[in-house]
$ cat coords.csv   # CSV, C-alpha atoms
chain,number,residue,atom,x,y,z
A,312,MET,CA,-9.6,-4.1,13.5
A,313,GLY,CA,-6.7,-4.5,11.1
A,314,ILE,CA,-4.2,-1.8,10.0
A,315,PRO,CA,-3.7,-0.7,6.4
A,316,VAL,CA,-0.4,0.9,5.7
A,317,LEU,CA,0.4,2.8,2.5
A,318,ILE,CA,3.9,2.6,1.0
A,319,LEU,CA,4.5,5.2,-1.7
A,320,GLY,CA,7.3,5.6,-4.2
A,321,GLU,CA,8.3,6.0,-7.8
A,322,SER,CA,9.2,3.0,-9.8
A,323,GLY,CA,12.7,1.8,-8.7
A,324,SER,CA,12.5,3.6,-5.4
A,325,GLY,CA,12.6,0.3,-3.4
A,326,LYS,CA,9.0,-0.5,-2.6
A,327,SER,CA,9.1,-4.2,-3.7
A,328,ALA,CA,12.7,-4.5,-2.5
A,329,SER,CA,11.6,-3.6,1.0
A,330,LEU,CA,10.0,-7.1,1.2
A,331,ARG,CA,13.3,-8.8,1.1
A,332,ASN,CA,13.6,-9.6,4.8
A,333,PHE,CA,10.2,-11.3,5.2
A,334,ASN,CA,10.2,-15.0,5.5
A,335,PRO,CA,7.7,-17.1,3.5
A,336,GLU,CA,5.7,-18.0,6.7
A,337,ASP,CA,5.5,-14.3,7.6
A,338,VAL,CA,3.6,-12.8,4.7
A,339,SER,CA,1.4,-13.3,1.6
A,340,ILE,CA,1.8,-11.1,-1.4
A,341,PHE,CA,-0.9,-10.1,-3.9
A,342,ASN,CA,0.9,-9.2,-7.1
A,343,VAL,CA,-1.4,-7.0,-9.0
A,344,ALA,CA,0.9,-6.4,-12.0
A,345,ALA,CA,2.1,-10.0,-12.0
A,346,LYS,CA,5.8,-9.0,-12.1
A,347,PRO,CA,8.7,-10.9,-10.5
A,348,LEU,CA,10.1,-9.6,-7.2
A,349,PRO,CA,13.5,-7.9,-7.4
A,350,PHE,CA,15.4,-10.4,-5.2
A,351,ARG,CA,16.0,-14.2,-5.1
A,352,LYS,CA,14.1,-15.2,-2.0
A,353,LYS,CA,10.9,-17.0,-2.8
A,354,LEU,CA,7.8,-15.5,-1.1
A,355,PRO,CA,4.2,-16.7,-1.5
A,356,ILE,CA,2.6,-14.7,-4.3
A,357,MET,CA,-0.9,-14.7,-5.8
A,358,SER,CA,-1.0,-12.8,-9.1
A,359,THR,CA,-4.4,-11.1,-9.2
A,360,ALA,CA,-6.0,-7.8,-9.9
A,361,ASP,CA,-9.4,-9.0,-8.6
A,362,TYR,CA,-10.7,-7.3,-5.4
A,363,ASN,CA,-12.7,-10.4,-4.4
A,364,ALA,CA,-9.7,-12.7,-4.8
A,365,ILE,CA,-7.7,-10.4,-2.6
A,366,VAL,CA,-10.4,-10.2,0.1
A,367,ALA,CA,-10.8,-14.0,0.0
A,368,GLY,CA,-7.1,-14.6,0.2
A,369,ILE,CA,-6.8,-12.4,3.3
A,370,SER,CA,-9.9,-13.9,4.9
A,371,LYS,CA,-8.9,-17.5,4.5
A,372,SER,CA,-5.3,-17.1,5.6
A,373,THR,CA,-4.0,-17.3,9.2
A,374,LYS,CA,-1.0,-15.0,8.4
A,375,LYS,CA,-0.8,-11.6,10.0
A,376,ALA,CA,1.0,-9.6,7.3
A,377,PHE,CA,-0.1,-9.1,3.7
A,378,VAL,CA,1.2,-7.0,0.8
A,379,ILE,CA,-0.7,-5.7,-2.2
A,380,ASP,CA,2.1,-4.9,-4.6
A,381,ASP,CA,1.5,-2.2,-7.2
A,382,SER,CA,-2.0,-1.4,-5.7
A,383,GLN,CA,-2.4,1.6,-8.0
A,384,TYR,CA,-3.0,-0.9,-10.8
A,385,LEU,CA,-6.2,-2.0,-9.1
A,386,LEU,CA,-7.4,1.5,-10.0
A,387,CYS,CA,-5.7,1.6,-13.4
A,388,PHE,CA,-6.9,-1.8,-14.7
A,389,GLU,CA,-10.5,-1.1,-13.7
A,390,SER,CA,-10.3,2.3,-15.4
A,391,PHE,CA,-9.1,0.6,-18.6
A,392,ALA,CA,-11.9,-2.0,-18.3
A,393,LYS,CA,-14.5,0.8,-18.1
A,394,ALA,CA,-12.8,3.0,-20.7
A,395,LYS,CA,-15.8,2.9,-23.1
A,396,GLU,CA,-18.3,3.7,-20.4
A,397,THR,CA,-19.7,7.2,-20.3
A,398,GLY,CA,-20.6,9.4,-17.4
A,399,PHE,CA,-19.1,10.1,-14.0
A,400,GLY,CA,-20.5,7.1,-12.3
A,401,LYS,CA,-17.6,4.9,-13.3
A,402,PHE,CA,-15.2,7.1,-11.4
A,403,THR,CA,-17.4,6.7,-8.3
A,404,ASP,CA,-17.3,2.9,-8.8
A,405,ILE,CA,-13.5,2.8,-9.2
A,406,ALA,CA,-13.0,4.9,-6.0
A,407,LEU,CA,-15.6,2.8,-4.1
A,408,HIS,CA,-14.0,-0.5,-4.8
A,409,PHE,CA,-10.6,0.7,-3.6
A,410,TYR,CA,-12.2,2.3,-0.5
A,411,ASN,CA,-14.1,-0.9,0.3
A,412,LEU,CA,-10.9,-2.9,0.2
A,413,VAL,CA,-9.3,-0.6,2.7
A,414,GLN,CA,-12.4,-0.6,4.9
A,415,PHE,CA,-12.4,-4.4,4.8
A,416,VAL,CA,-8.9,-4.4,6.2
A,417,ILE,CA,-9.9,-1.9,8.9
A,418,ARG,CA,-13.2,-3.4,9.9
A,419,GLN,CA,-13.2,-7.1,9.0
A,420,THR,CA,-9.7,-8.4,9.8
A,421,PRO,CA,-8.3,-9.4,13.2
A,422,PRO,CA,-6.6,-6.6,15.2
A,423,ASP,CA,-3.1,-8.1,14.6
A,424,VAL,CA,-3.4,-8.1,10.8
A,425,ILE,CA,-1.4,-5.5,8.8
A,426,VAL,CA,-1.9,-5.0,5.1
A,427,TYR,CA,0.7,-3.0,3.1
A,428,PHE,CA,-0.4,-1.3,0.0
A,429,LEU,CA,2.6,-0.6,-2.3
A,430,HIS,CA,1.6,2.2,-4.5
A,431,HIS,CA,3.2,4.5,-7.1
A,432,THR,CA,3.3,8.3,-6.8
A,433,GLU,CA,2.6,11.3,-9.0
A,434,THR,CA,3.6,14.9,-8.6
A,435,ASP,CA,1.0,17.7,-8.7
A,436,GLY,CA,2.0,20.1,-11.5
A,437,ASN,CA,0.6,23.1,-9.6
A,438,THR,CA,1.8,22.5,-6.1
A,439,GLY,CA,4.8,20.2,-6.6
A,440,LYS,CA,3.4,17.9,-3.9
A,441,VAL,CA,4.1,14.2,-4.3
A,442,LYS,CA,1.0,12.0,-3.7
A,443,ALA,CA,-0.5,8.6,-4.3
A,444,LYS,CA,-1.1,8.0,-8.0
A,445,THR,CA,-4.7,7.7,-9.1
A,446,MET,CA,-6.4,8.1,-12.4
A,447,GLY,CA,-6.7,11.9,-12.5
A,448,LYS,CA,-8.9,14.6,-11.1
A,449,MET,CA,-12.2,12.8,-11.6
A,450,LEU,CA,-11.1,10.1,-9.3
A,451,ASP,CA,-9.3,12.4,-6.9
A,452,ASN,CA,-12.6,14.3,-6.5
A,453,GLN,CA,-14.2,11.0,-5.2
A,454,LEU,CA,-11.3,9.7,-3.0
A,455,THR,CA,-8.4,11.2,-1.1
A,456,LEU,CA,-6.5,8.0,-0.9
A,457,GLU,CA,-4.0,8.9,1.8
A,458,GLY,CA,-6.9,9.9,4.1
A,459,LEU,CA,-7.7,6.2,4.5
A,460,PHE,CA,-4.4,5.5,6.1
A,461,SER,CA,-2.8,6.5,9.5
A,462,ILE,CA,0.6,5.3,8.3
A,463,VAL,CA,2.0,6.5,4.9
A,464,LEU,CA,5.7,5.9,4.2
A,465,MET,CA,7.5,7.4,1.3
A,466,CYS,CA,10.3,5.4,-0.5
A,467,VAL,CA,13.3,7.5,-1.5
A,468,THR,CA,16.7,6.8,-3.0
A,469,ASP,CA,19.8,8.7,-3.8
A,470,GLY,CA,20.9,5.9,-6.3
A,471,LYS,CA,22.9,4.1,-3.7
A,472,LYS,CA,20.7,3.7,-0.6
A,473,HIS,CA,17.0,3.2,-0.3
A,474,SER,CA,15.0,4.6,2.6
A,475,PHE,CA,11.6,5.3,4.0
A,476,VAL,CA,10.6,8.8,4.9
A,477,THR,CA,8.0,8.7,7.7
A,478,GLN,CA,6.9,12.3,8.0
A,479,SER,CA,6.0,15.0,5.5
A,480,ASP,CA,8.3,17.8,4.6
A,481,GLY,CA,5.4,19.8,3.2
A,482,PHE,CA,5.8,18.3,-0.2
A,483,THR,CA,4.8,14.7,0.4
A,484,THR,CA,1.9,12.9,2.1
A,485,ALA,CA,4.1,10.8,4.3
A,486,LYS,CA,2.8,10.5,7.9
A,487,SER,CA,3.1,8.2,10.9
A,488,PRO,CA,2.0,8.3,14.6
A,489,MET,CA,4.0,10.2,17.1
A,490,GLU,CA,7.2,8.5,18.2
A,491,MET,CA,6.6,5.4,16.1
A,492,PHE,CA,9.6,6.0,13.8
A,493,PRO,CA,12.5,8.3,13.3
A,494,GLU,CA,12.1,10.7,10.3
A,495,VAL,CA,14.1,8.5,8.0
A,496,ILE,CA,14.5,4.7,8.3
A,497,ASP,CA,15.9,1.8,6.2
A,498,ASN,CA,13.5,0.5,3.6
A,499,ASP,CA,13.0,-2.8,5.4
A,500,LEU,CA,9.3,-3.6,5.6
A,501,LYS,CA,9.9,-6.5,8.0
A,502,SER,CA,11.4,-4.1,10.5
A,503,VAL,CA,8.6,-1.7,9.9
A,504,ASP,CA,6.1,-4.5,10.6
A,505,GLN,CA,7.9,-5.3,13.9
A,506,THR,CA,7.9,-1.6,14.9
A,507,ILE,CA,4.2,-1.2,14.2
A,508,ARG,CA,3.3,-4.3,16.2
A,509,GLU,CA,5.4,-3.2,19.2
A,510,TYR,CA,3.9,0.4,19.0
A,511,TYR,CA,0.3,-0.9,19.2
A,512,GLU,CA,1.2,-3.7,21.6
A,513,MET,CA,0.0,-6.5,19.2
A,514,LYS,CA,0.5,-10.0,20.3
$ encode --input "coords.csv" --output "structure tokens"
Amino acid sequence: MGIPVLILGESGSGKSASLRNFNPEDVSIFNVAAKPLPFRKKLPIMSTADYNAIVAGISKSTKKAFVIDDSQYLLCFESFAKAKETGFGKFTDIALHFYNLVQFVIRQTPPDVIVYFLHHTETDGNTGKVKAKTMGKMLDNQLTLEGLFSIVLMCVTDGKKHSFVTQSDGFTTAKSPMEMFPEVIDNDLKSVDQTIREYYEMK
């Protein structure tokens, strides 16, 4: 049973930059939006927005850490592809495909595999709450994305320093298990990976 981890943040908040301390042998990255990483280090990247390619890439690899960068575009690109379809069924399909990917991580990967979903945020105009970006209320009615994850970290920045917030202040969906992290940590996903493995006593 693998562990999916959701990393939320606005564009420029430090999601992709948090990968900077991984070494090439540590991680494989699925780059959904096919954009370059914001640092010089070369890490292994597959540019794809295809669910089957992502599942196959994880299944065939012996690595223990994977990143799906800009995972919200999996929802977005499928929504665009189905733009001319009518009816509510397409929203169920879009939600189901993302749900199935998370369930694959949980149920069909080894117990020492962690998959990080780097995902944009949006703010609810009524409540002011910051949540994972989807494709609107029709999709939200089908899927509460954060509910699929036990660990949700929120990227924040003051313009100088980038950090992860690990617990909700009532206006975000950040969460993590008790005593896993302090409330605010450096946005270093390699360090996060080590902490999660120590917490769950992974080999």
$ atom_distance --input "coords.csv" --atom1 "atom CA of A:Gln419" --atom2 "atom CA of A:Leu407"
16.6 Å
$ closest_residue --input "coords.csv" --among "A:Ser479, A:Ser461, A:Thr434, A:Ser474" --to "A:Ile507" --atoms "all atoms listed in the file"
A:Ser461
$ closest_residue --input "coords.csv" --among "A:Cys387, A:Leu459, A:Ala344, A:Met489" --to "A:Ile314" --atoms "only C-alpha atoms"
A:Leu459
$ atom_distance --input "coords.csv" --atom1 "atom CA of A:Val503" --atom2 "atom CA of A:Ala364"
25.9 Å
$ residues_around --input "coords.csv" --residues "stretch 425-431 of chain A" --least-positions-apart "2" --cutoff "7 Å" --atoms "all atoms listed in the file" --output "PDB file with C-alpha atoms, in the coordinates of the input"
ATOM      1  CA  GLY A 313      -6.700  -4.500  11.100  1.00  0.00           C
ATOM      2  CA  ILE A 314      -4.200  -1.800  10.000  1.00  0.00           C
ATOM      3  CA  PRO A 315      -3.700  -0.700   6.400  1.00  0.00           C
ATOM      4  CA  VAL A 316      -0.400   0.900   5.700  1.00  0.00           C
ATOM      5  CA  LEU A 317       0.400   2.800   2.500  1.00  0.00           C
ATOM      6  CA  ILE A 318       3.900   2.600   1.000  1.00  0.00           C
ATOM      7  CA  LEU A 319       4.500   5.200  -1.700  1.00  0.00           C
ATOM      8  CA  GLY A 320       7.300   5.600  -4.200  1.00  0.00           C
ATOM      9  CA  GLU A 321       8.300   6.000  -7.800  1.00  0.00           C
ATOM     10  CA  SER A 322       9.200   3.000  -9.800  1.00  0.00           C
ATOM     11  CA  LYS A 326       9.000  -0.500  -2.600  1.00  0.00           C
ATOM     12  CA  LYS A 375      -0.800 -11.600  10.000  1.00  0.00           C
ATOM     13  CA  ALA A 376       1.000  -9.600   7.300  1.00  0.00           C
ATOM     14  CA  PHE A 377      -0.100  -9.100   3.700  1.00  0.00           C
ATOM     15  CA  VAL A 378       1.200  -7.000   0.800  1.00  0.00           C
ATOM     16  CA  ILE A 379      -0.700  -5.700  -2.200  1.00  0.00           C
ATOM     17  CA  ASP A 380       2.100  -4.900  -4.600  1.00  0.00           C
ATOM     18  CA  ASP A 381       1.500  -2.200  -7.200  1.00  0.00           C
ATOM     19  CA  SER A 382      -2.000  -1.400  -5.700  1.00  0.00           C
ATOM     20  CA  GLN A 383      -2.400   1.600  -8.000  1.00  0.00           C
ATOM     21  CA  ASP A 423      -3.100  -8.100  14.600  1.00  0.00           C
ATOM     22  CA  ALA A 443      -0.500   8.600  -4.300  1.00  0.00           C
ATOM     23  CA  LYS A 444      -1.100   8.000  -8.000  1.00  0.00           C
TER      24      LYS A 444
END
$ atom_distance --input "coords.csv" --atom1 "atom CA of A:Val424" --atom2 "atom CA of A:Met491"
17.6 Å
$ closest_residue --input "coords.csv" --among "A:Tyr510, A:Phe482, A:Phe409, A:Phe475" --to "A:Ser324" --atoms "only C-alpha atoms"
A:Phe475
$ closest_residue --input "coords.csv" --among "A:Phe388, A:Glu336, A:Ser372, A:Thr403" --to "A:Ala360" --atoms "only C-alpha atoms"
A:Phe388
$ residues_near_point --input "coords.csv" --point "(6.3, -13.8, 8.6)" --cutoff "10 Å" --atoms "only C-alpha atoms" --output "MDAnalysis selection string"
chainID A and resid 332:339 354 374:377 501 504
$ closest_residue --input "coords.csv" --among "A:Ala485, A:Ala394, A:Phe492, A:Met446" --to "A:Gln505" --atoms "only C-alpha atoms"
A:Phe492
$ closest_residue --input "coords.csv" --among "A:Phe399, A:Phe460, A:Phe341, A:Tyr384" --to "A:Met357" --atoms "only C-alpha atoms"
A:Phe341
$ residues_around --input "coords.csv" --residues "A:Ala345" --least-positions-apart "3" --cutoff "8 Å" --atoms "all atoms listed in the file" --output "PyMOL selection string"
chain A and resi 342+358-359
$ residues_near_point --input "coords.csv" --point "(18.6, 2.7, 5.6)" --cutoff "10 Å" --atoms "only C-alpha atoms" --output "ChimeraX atom specification"
/A:468,472-475,495-499
$ residues_around --input "coords.csv" --residues "A:Lys440" --least-positions-apart "3" --cutoff "9 Å" --atoms "only C-alpha atoms" --output "list in words"
Glu433, Thr434, Asp435, Gly436, Asn437, Gly481, Phe482, Thr483 and Thr484 of chain A
$ build_atoms --input "coords.csv" --residues "stretch 502-513 of chain A" --atoms "all heavy atoms" --output "short mmCIF file (atom, residue, chain, number, x, y, z; two decimals), in the coordinates of the input"
data_model
loop_
_atom_site.label_atom_id
_atom_site.label_comp_id
_atom_site.auth_asym_id
_atom_site.auth_seq_id
_atom_site.Cartn_x
_atom_site.Cartn_y
_atom_site.Cartn_z
N SER A 502 11.15 -4.91 9.29
CA SER A 502 11.40 -4.10 10.50
C SER A 502 10.30 -3.14 10.78
O SER A 502 9.93 -2.94 11.94
CB SER A 502 12.75 -3.33 10.27
OG SER A 502 13.02 -2.49 11.37
N VAL A 503 9.73 -2.55 9.74
CA VAL A 503 8.60 -1.70 9.90
C VAL A 503 7.42 -2.45 10.56
O VAL A 503 6.76 -1.95 11.48
CB VAL A 503 8.13 -1.09 8.55
CG1 VAL A 503 6.75 -0.45 8.64
CG2 VAL A 503 9.15 -0.07 8.06
N ASP A 504 7.19 -3.66 10.07
CA ASP A 504 6.10 -4.50 10.60
C ASP A 504 6.33 -4.75 12.11
O ASP A 504 5.40 -4.64 12.91
CB ASP A 504 6.10 -5.82 9.85
CG ASP A 504 4.89 -6.67 10.16
OD1 ASP A 504 3.79 -6.39 9.64
OD2 ASP A 504 5.03 -7.63 10.96
N GLN A 505 7.55 -5.07 12.49
CA GLN A 505 7.90 -5.30 13.90
C GLN A 505 7.62 -4.06 14.75
O GLN A 505 7.08 -4.13 15.86
CB GLN A 505 9.29 -5.80 14.05
CG GLN A 505 9.54 -7.17 13.46
CD GLN A 505 11.00 -7.55 13.42
OE1 GLN A 505 11.89 -6.70 13.41
NE2 GLN A 505 11.28 -8.85 13.40
N THR A 506 8.03 -2.90 14.21
CA THR A 506 7.90 -1.60 14.90
C THR A 506 6.40 -1.30 15.15
O THR A 506 5.99 -0.88 16.25
CB THR A 506 8.58 -0.50 14.20
OG1 THR A 506 9.97 -0.78 14.10
CG2 THR A 506 8.38 0.82 14.92
N ILE A 507 5.59 -1.48 14.12
CA ILE A 507 4.20 -1.20 14.20
C ILE A 507 3.53 -2.11 15.28
O ILE A 507 2.72 -1.66 16.11
CB ILE A 507 3.46 -1.37 12.87
CG1 ILE A 507 3.94 -0.30 11.89
CG2 ILE A 507 1.94 -1.29 13.03
CD1 ILE A 507 3.45 -0.49 10.47
N ARG A 508 3.89 -3.38 15.28
CA ARG A 508 3.30 -4.30 16.20
C ARG A 508 3.73 -3.99 17.68
O ARG A 508 2.92 -4.10 18.61
CB ARG A 508 3.72 -5.76 15.87
CG ARG A 508 3.12 -6.20 14.55
CD ARG A 508 3.51 -7.61 14.14
NE ARG A 508 3.05 -7.85 12.77
CZ ARG A 508 1.80 -8.13 12.44
NH1 ARG A 508 0.87 -8.24 13.38
NH2 ARG A 508 1.46 -8.32 11.17
N GLU A 509 4.96 -3.56 17.85
CA GLU A 509 5.40 -3.20 19.20
C GLU A 509 4.70 -1.88 19.63
O GLU A 509 4.29 -1.76 20.79
CB GLU A 509 6.92 -2.96 19.18
CG GLU A 509 7.71 -4.25 19.02
CD GLU A 509 9.18 -4.01 18.75
OE1 GLU A 509 9.60 -2.81 18.74
OE2 GLU A 509 9.92 -4.99 18.56
N TYR A 510 4.55 -0.93 18.72
CA TYR A 510 3.90 0.40 19.00
C TYR A 510 2.49 0.16 19.51
O TYR A 510 2.04 0.77 20.49
CB TYR A 510 3.97 1.26 17.83
CG TYR A 510 3.48 2.68 18.06
CD1 TYR A 510 4.36 3.69 18.44
CD2 TYR A 510 2.15 3.03 17.88
CE1 TYR A 510 3.93 4.98 18.63
CE2 TYR A 510 1.70 4.32 18.08
CZ TYR A 510 2.59 5.30 18.45
OH TYR A 510 2.15 6.59 18.64
N TYR A 511 1.75 -0.70 18.82
CA TYR A 511 0.30 -0.90 19.20
C TYR A 511 0.14 -2.10 20.10
O TYR A 511 -1.00 -2.50 20.36
CB TYR A 511 -0.48 -1.13 17.88
CG TYR A 511 -0.67 0.14 17.07
CD1 TYR A 511 -0.21 0.23 15.78
CD2 TYR A 511 -1.32 1.24 17.62
CE1 TYR A 511 -0.38 1.40 15.03
CE2 TYR A 511 -1.51 2.41 16.90
CZ TYR A 511 -1.03 2.48 15.61
OH TYR A 511 -1.21 3.62 14.88
N GLU A 512 1.25 -2.65 20.61
CA GLU A 512 1.20 -3.70 21.60
C GLU A 512 0.39 -4.92 21.06
O GLU A 512 -0.46 -5.50 21.76
CB GLU A 512 0.67 -3.26 22.92
CG GLU A 512 1.54 -2.18 23.54
CD GLU A 512 1.03 -1.70 24.88
OE1 GLU A 512 -0.13 -2.02 25.24
OE2 GLU A 512 1.81 -1.02 25.60
N MET A 513 0.65 -5.29 19.81
CA MET A 513 0.00 -6.50 19.20
C MET A 513 0.68 -7.72 19.81
O MET A 513 1.85 -7.71 20.14
CB MET A 513 0.15 -6.48 17.73
CG MET A 513 -0.56 -5.34 17.03
SD MET A 513 -0.31 -5.47 15.23
CE MET A 513 -1.21 -4.01 14.68
#
